[in-house]
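This is query-v4.cif. It holds mmCIF, C-alpha atoms and all ligand atoms.
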data_query
loop_
_atom_site.group_PDB
_atom_site.id
_atom_site.type_symbol
_atom_site.label_atom_id
_atom_site.label_comp_id
_atom_site.auth_asym_id
_atom_site.auth_seq_id
_atom_site.Cartn_x
_atom_site.Cartn_y
_atom_site.Cartn_z
ATOM 1 C CA MET G 29 3.053 -2.704 1.891
ATOM 2 C CA ARG G 30 3.946 -6.135 3.129
ATOM 3 C CA THR G 31 3.126 -7.727 6.444
ATOM 4 C CA ARG G 32 4.923 -10.676 7.902
ATOM 5 C CA THR G 33 1.800 -12.792 7.974
ATOM 6 C CA PRO G 34 -0.526 -13.492 5.045
ATOM 7 C CA THR G 35 -3.630 -11.344 5.350
ATOM 8 C CA ALA G 36 -5.268 -10.843 1.986
ATOM 9 C CA SER G 37 -7.617 -13.490 0.748
ATOM 10 C CA TYR G 38 -7.015 -14.962 -2.662
ATOM 11 C CA ARG G 39 -10.131 -15.017 -4.778
ATOM 12 C CA LYS G 40 -9.853 -17.575 -7.533
ATOM 13 C CA ASP G 41 -13.383 -16.964 -8.748
ATOM 14 C CA MET G 42 -12.646 -13.578 -10.297
ATOM 15 C CA LYS G 43 -11.519 -14.683 -13.723
ATOM 16 C CA ALA G 44 -11.439 -11.275 -15.378
ATOM 17 C CA MET G 45 -8.563 -10.148 -13.205
ATOM 18 C CA ALA G 46 -4.924 -10.482 -14.073
ATOM 19 C CA ILE G 47 -1.826 -10.571 -11.955
ATOM 20 C CA ARG G 48 0.537 -7.783 -12.950
ATOM 21 C CA ARG G 49 4.290 -7.802 -12.521
ATOM 22 C CA ILE G 50 5.436 -5.920 -9.419
ATOM 23 C CA VAL G 51 8.190 -3.386 -10.110
ATOM 24 C CA LYS G 52 11.203 -3.810 -7.832
ATOM 25 C CA PHE G 53 13.363 -1.134 -6.157
ATOM 26 C CA GLY G 54 15.846 0.594 -8.428
ATOM 27 C CA ASP G 55 13.217 1.223 -11.106
ATOM 28 C CA SER G 56 12.745 4.987 -11.480
ATOM 29 C CA VAL G 57 8.964 4.580 -11.862
ATOM 30 C CA LEU G 58 8.880 4.131 -8.066
ATOM 31 C CA GLU G 59 10.336 7.586 -7.491
ATOM 32 C CA LYS G 60 7.941 9.673 -9.547
ATOM 33 C CA GLU G 61 4.890 11.719 -8.605
ATOM 34 C CA CYS G 62 1.609 10.186 -9.764
ATOM 35 C CA ARG G 63 -0.992 12.098 -11.737
ATOM 36 C CA LYS G 64 -4.522 12.418 -10.415
ATOM 37 C CA VAL G 65 -7.205 10.167 -11.874
ATOM 38 C CA GLU G 66 -9.791 12.105 -13.855
ATOM 39 C CA LYS G 67 -11.585 9.353 -15.740
ATOM 40 C CA PHE G 68 -13.444 6.788 -13.661
ATOM 41 C CA ASP G 69 -13.805 4.410 -16.556
ATOM 42 C CA LYS G 70 -13.429 0.711 -17.404
ATOM 43 C CA LYS G 71 -9.674 1.071 -17.629
ATOM 44 C CA LEU G 72 -9.506 2.311 -14.020
ATOM 45 C CA HIS G 73 -11.776 -0.527 -12.885
ATOM 46 C CA GLN G 74 -9.532 -3.058 -14.631
ATOM 47 C CA LEU G 75 -6.463 -1.522 -12.997
ATOM 48 C CA LEU G 76 -8.079 -1.742 -9.543
ATOM 49 C CA ASP G 77 -9.221 -5.339 -10.134
ATOM 50 C CA ASP G 78 -5.756 -6.341 -11.325
ATOM 51 C CA MET G 79 -4.083 -4.574 -8.405
ATOM 52 C CA LYS G 80 -6.316 -6.401 -5.918
ATOM 53 C CA GLU G 81 -5.526 -9.720 -7.589
ATOM 54 C CA THR G 82 -1.807 -8.929 -7.631
ATOM 55 C CA LEU G 83 -1.881 -7.897 -3.963
ATOM 56 C CA ALA G 84 -3.712 -11.051 -2.895
ATOM 57 C CA ASP G 85 -1.358 -13.242 -4.911
ATOM 58 C CA ALA G 86 1.640 -11.583 -3.237
ATOM 59 C CA ASN G 87 0.108 -11.833 0.270
ATOM 60 C CA GLY G 88 0.599 -8.112 0.736
ATOM 61 C CA ALA G 89 -1.181 -5.509 2.836
ATOM 62 C CA GLY G 90 -1.120 -2.787 0.200
ATOM 63 C CA LEU G 91 -0.148 -2.019 -3.371
ATOM 64 C CA ALA G 92 0.196 1.292 -5.205
ATOM 65 C CA ALA G 93 -0.204 1.822 -8.969
ATOM 66 C CA PRO G 94 3.466 2.807 -9.559
ATOM 67 C CA GLN G 95 4.363 -0.677 -8.302
ATOM 68 C CA VAL G 96 2.658 -2.082 -11.391
ATOM 69 C CA GLY G 97 4.213 0.625 -13.557
ATOM 70 C CA ILE G 98 1.246 3.016 -13.661
ATOM 71 C CA LEU G 99 1.841 6.616 -12.554
ATOM 72 C CA ARG G 100 -1.716 7.276 -11.403
ATOM 73 C CA SER G 101 -2.943 8.145 -7.935
ATOM 74 C CA VAL G 102 -4.452 4.731 -7.158
ATOM 75 C CA CYS G 103 -3.767 2.235 -4.385
ATOM 76 C CA VAL G 104 -5.358 -0.730 -2.658
ATOM 77 C CA VAL G 105 -5.038 -1.730 0.988
ATOM 78 C CA ASP G 106 -6.015 -5.066 2.509
ATOM 79 C CA VAL G 107 -5.048 -5.784 6.089
ATOM 80 C CA GLY G 108 -7.380 -8.751 6.361
ATOM 81 C CA GLU G 109 -10.651 -6.848 6.737
ATOM 82 C CA GLY G 110 -11.508 -6.677 3.046
ATOM 83 C CA SER G 111 -9.817 -4.586 0.415
ATOM 84 C CA ILE G 112 -10.042 -0.807 0.309
ATOM 85 C CA GLU G 113 -9.695 0.991 -3.018
ATOM 86 C CA LEU G 114 -8.284 4.496 -2.823
ATOM 87 C CA VAL G 115 -8.304 6.820 -5.825
ATOM 88 C CA ASN G 116 -6.670 10.254 -5.475
ATOM 89 C CA PRO G 117 -6.214 9.696 -1.728
ATOM 90 C CA GLU G 118 -4.839 12.177 0.744
ATOM 91 C CA ILE G 119 -4.225 11.988 4.460
ATOM 92 C CA ILE G 120 -6.410 14.530 6.247
ATOM 93 C CA ALA G 121 -5.765 13.635 9.900
ATOM 94 C CA THR G 122 -3.339 11.607 11.990
ATOM 95 C CA GLU G 123 -3.143 10.679 15.653
ATOM 96 C CA GLY G 124 -0.626 8.957 17.893
ATOM 97 C CA GLU G 125 2.435 6.985 16.924
ATOM 98 C CA GLN G 126 3.601 3.435 16.274
ATOM 99 C CA ASN G 127 7.112 2.150 15.661
ATOM 100 C CA GLY G 128 7.269 -1.231 14.013
ATOM 101 C CA ALA G 129 8.383 -3.499 11.207
ATOM 102 C CA GLU G 130 7.479 -2.439 7.701
ATOM 103 C CA GLY G 131 8.241 -3.932 4.329
ATOM 104 C CA CYS G 132 7.280 -3.403 0.708
ATOM 105 C CA LEU G 133 6.397 -5.737 -2.151
ATOM 106 C CA SER G 134 9.011 -3.864 -4.207
ATOM 107 C CA TYR G 135 11.685 -4.846 -1.626
ATOM 108 C CA PRO G 136 11.215 -8.615 -1.246
ATOM 109 C CA GLY G 137 12.401 -9.988 2.091
ATOM 110 C CA GLU G 138 13.504 -6.644 3.531
ATOM 111 C CA TYR G 139 11.973 -5.076 6.614
ATOM 112 C CA GLY G 140 12.846 -1.942 8.502
ATOM 113 C CA LEU G 141 11.707 -0.099 11.592
ATOM 114 C CA VAL G 142 9.403 2.731 10.600
ATOM 115 C CA LYS G 143 7.539 5.221 12.768
ATOM 116 C CA ARG G 144 4.000 5.973 11.607
ATOM 117 C CA PRO G 145 0.889 7.510 13.161
ATOM 118 C CA MET G 146 -1.295 5.021 15.061
ATOM 119 C CA LYS G 147 -4.476 6.403 13.496
ATOM 120 C CA VAL G 148 -4.845 7.878 10.006
ATOM 121 C CA THR G 149 -7.865 9.332 8.224
ATOM 122 C CA VAL G 150 -7.786 9.482 4.440
ATOM 123 C CA ARG G 151 -10.045 11.253 2.001
ATOM 124 C CA ALA G 152 -10.280 9.515 -1.368
ATOM 125 C CA GLN G 153 -12.513 8.691 -4.292
ATOM 126 C CA ASP G 154 -13.931 5.261 -5.028
ATOM 127 C CA ARG G 155 -13.809 3.639 -8.484
ATOM 128 C CA ASP G 156 -16.822 5.666 -9.578
ATOM 129 C CA GLY G 157 -15.479 9.005 -8.389
ATOM 130 C CA ASN G 158 -17.476 9.318 -5.157
ATOM 131 C CA TRP G 159 -15.534 10.966 -2.332
ATOM 132 C CA PHE G 160 -15.364 9.216 1.038
ATOM 133 C CA GLU G 161 -13.362 9.300 4.245
ATOM 134 C CA LYS G 162 -11.901 6.275 5.979
ATOM 135 C CA THR G 163 -10.045 5.976 9.268
ATOM 136 C CA GLY G 164 -7.568 3.173 9.828
ATOM 137 C CA GLU G 165 -5.690 2.179 12.955
ATOM 138 C CA ALA G 166 -2.503 0.214 13.621
ATOM 139 C CA LEU G 167 -1.572 -1.861 10.544
ATOM 140 C CA CYS G 168 -4.245 -0.190 8.420
ATOM 141 C CA ALA G 169 -2.908 3.282 9.354
ATOM 142 C CA ARG G 170 0.604 2.118 8.486
ATOM 143 C CA ALA G 171 -0.582 0.771 5.118
ATOM 144 C CA PHE G 172 -2.416 4.017 4.282
ATOM 145 C CA CYS G 173 0.777 6.013 4.922
ATOM 146 C CA HIS G 174 3.004 3.595 3.042
ATOM 147 C CA GLU G 175 0.778 3.395 -0.061
ATOM 148 C CA ILE G 176 0.051 7.112 -0.247
ATOM 149 C CA ASP G 177 3.806 7.738 0.015
ATOM 150 C CA HIS G 178 4.226 5.550 -3.079
ATOM 151 C CA LEU G 179 1.910 7.898 -5.005
ATOM 152 C CA HIS G 180 4.398 10.696 -4.332
ATOM 153 C CA GLY G 181 7.467 8.651 -5.243
ATOM 154 C CA VAL G 182 8.423 8.150 -1.588
ATOM 155 C CA LEU G 183 9.672 4.712 -0.528
ATOM 156 C CA PHE G 184 9.585 3.258 2.989
ATOM 157 C CA THR G 185 13.368 3.102 3.046
ATOM 158 C CA SER G 186 13.427 6.902 3.385
ATOM 159 C CA HIS G 187 11.577 6.530 6.733
ATOM 160 C CA VAL G 188 13.498 3.537 8.101
ATOM 161 C CA SER G 189 15.449 4.142 11.309
ATOM 162 C CA ARG G 190 17.217 0.811 10.842
ATOM 163 C CA MET G 191 16.710 -2.358 8.837
ATOM 164 C CA LEU G 192 15.788 -5.515 10.759
ATOM 165 C CA THR G 193 18.120 -8.489 10.811
ATOM 166 C CA PRO G 194 17.008 -11.966 9.680
ATOM 167 C CA GLU G 195 17.300 -13.062 13.348
ATOM 168 C CA GLU G 196 14.929 -10.344 14.521
ATOM 169 C CA LEU G 197 12.460 -11.275 11.801
ATOM 170 C CA GLU G 198 12.683 -14.948 12.686
ATOM 171 C CA ASN G 199 11.951 -14.146 16.317
ATOM 172 C CA GLY G 200 8.739 -12.432 15.271
ATOM 173 C CA PHE G 201 9.797 -8.837 15.741
ATOM 174 C CA ILE G 202 6.680 -6.688 15.761
ATOM 175 C CA GLU G 203 7.059 -3.498 17.755
ATOM 176 C CA GLU G 204 9.938 -1.705 19.413
ATOM 177 C CA GLU G 205 9.386 0.019 22.731
ATOM 178 C CA GLU G 206 10.764 3.514 23.048
HETATM 179 NI NI NI B 1 5.458 -0.495 -0.893
#
Target encoding structure tokens, full file:
Amino acid sequence: MRTRTPTASYRKDMKAMAIRRIVKFGDSVLEKECRKVEKFDKKLHQLLDDMKETLADANGAGLAAPQVGILRSVCVVDVGEGSIELVNPEIIATEGEQNGAEGCLSYPGEYGLVKRPMKVTVRAQDRDGNWFEKTGEALCARAFCHEIDHLHGVLFTSHVSRMLTPEELENGFIEEEE
């Protein structure tokens, strides 16, 4: 997912990482269901490291594996409070509602109005296979929904009530009142 302000911190010291190419809309890899991760090995760790590097480089709030061409249930979220790695994530609880601007690194420069829950709890595995639960609110909840959608081939455009105009974006559009 993409926010309109840079949030992720770029870490130049992590030399082993590599920035991967982000797949853009129109590529069918973005519309496929991801397979579950079963091996929590070096290859997975490399993928997660590369995804975090790619996300930071792109100033995004979240990135899902299909966006780097990998159909595995893996995503990373960083809304400015440190990055969260989610392997085989699922949403187990939601609460409330928010209606605001949302974009995607696979749709450069495009933002739409998307309704999401205000609070989202996910259950996922970490890079070593340990299960954990994490609750996110506001932007973090939005990013959880957006990235987990990606793992099921669902793009934010299917949730958009309307796209935002360049004027609205320039004026700092954040949230629409009902
Ligand atoms: Ni996206």
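Using only C-alpha atoms for every distance, the candidate list G:Arg49, G:Arg151, G:Arg100, G:Arg144 yields G:Arg144 as the residue closest to Val188 (chain G).
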Exercise. Name the residues that the PyMOL selection byres (((not hetatm)) within 9 of (chain B and resi 1)) picks from the file above, as JSON, numbers by chain, using the file's chain letters and numbers.
Key: {"G": [29, 30, 90, 91, 92, 95, 131, 132, 133, 134, 135, 171, 174, 175, 177, 178, 183, 184]}
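You will find CA of Arg63 (chain G) at 29.2 Å from CA of Leu141 (chain G).
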Could you tell me which residues the PyMOL selection byres (((chain G and resi 190) around 10) and not hetatm) grabs in this file, written as a PDB file with C-alpha atoms, in the coordinates of the input?
ATOM      1  CA  ALA G 129       8.383  -3.499  11.207  1.00  0.00           C
ATOM      2  CA  TYR G 139      11.973  -5.076   6.614  1.00  0.00           C
ATOM      3  CA  GLY G 140      12.846  -1.942   8.502  1.00  0.00           C
ATOM      4  CA  LEU G 141      11.707  -0.099  11.592  1.00  0.00           C
ATOM      5  CA  VAL G 142       9.403   2.731  10.600  1.00  0.00           C
ATOM      6  CA  THR G 185      13.368   3.102   3.046  1.00  0.00           C
ATOM      7  CA  HIS G 187      11.577   6.530   6.733  1.00  0.00           C
ATOM      8  CA  VAL G 188      13.498   3.537   8.101  1.00  0.00           C
ATOM      9  CA  SER G 189      15.449   4.142  11.309  1.00  0.00           C
ATOM     10  CA  MET G 191      16.710  -2.358   8.837  1.00  0.00           C
ATOM     11  CA  LEU G 192      15.788  -5.515  10.759  1.00  0.00           C
ATOM     12  CA  THR G 193      18.120  -8.489  10.811  1.00  0.00           C
TER      13      THR G 193
END
Quiz prompt | Selection: 10 Å around Leu58 (chain G), only C-alpha atoms, excl. self and same-chain fewer than 3 positions, as a PyMOL selection string | solution = chain G and resi 51-55+61-62+92-99+134+178-183
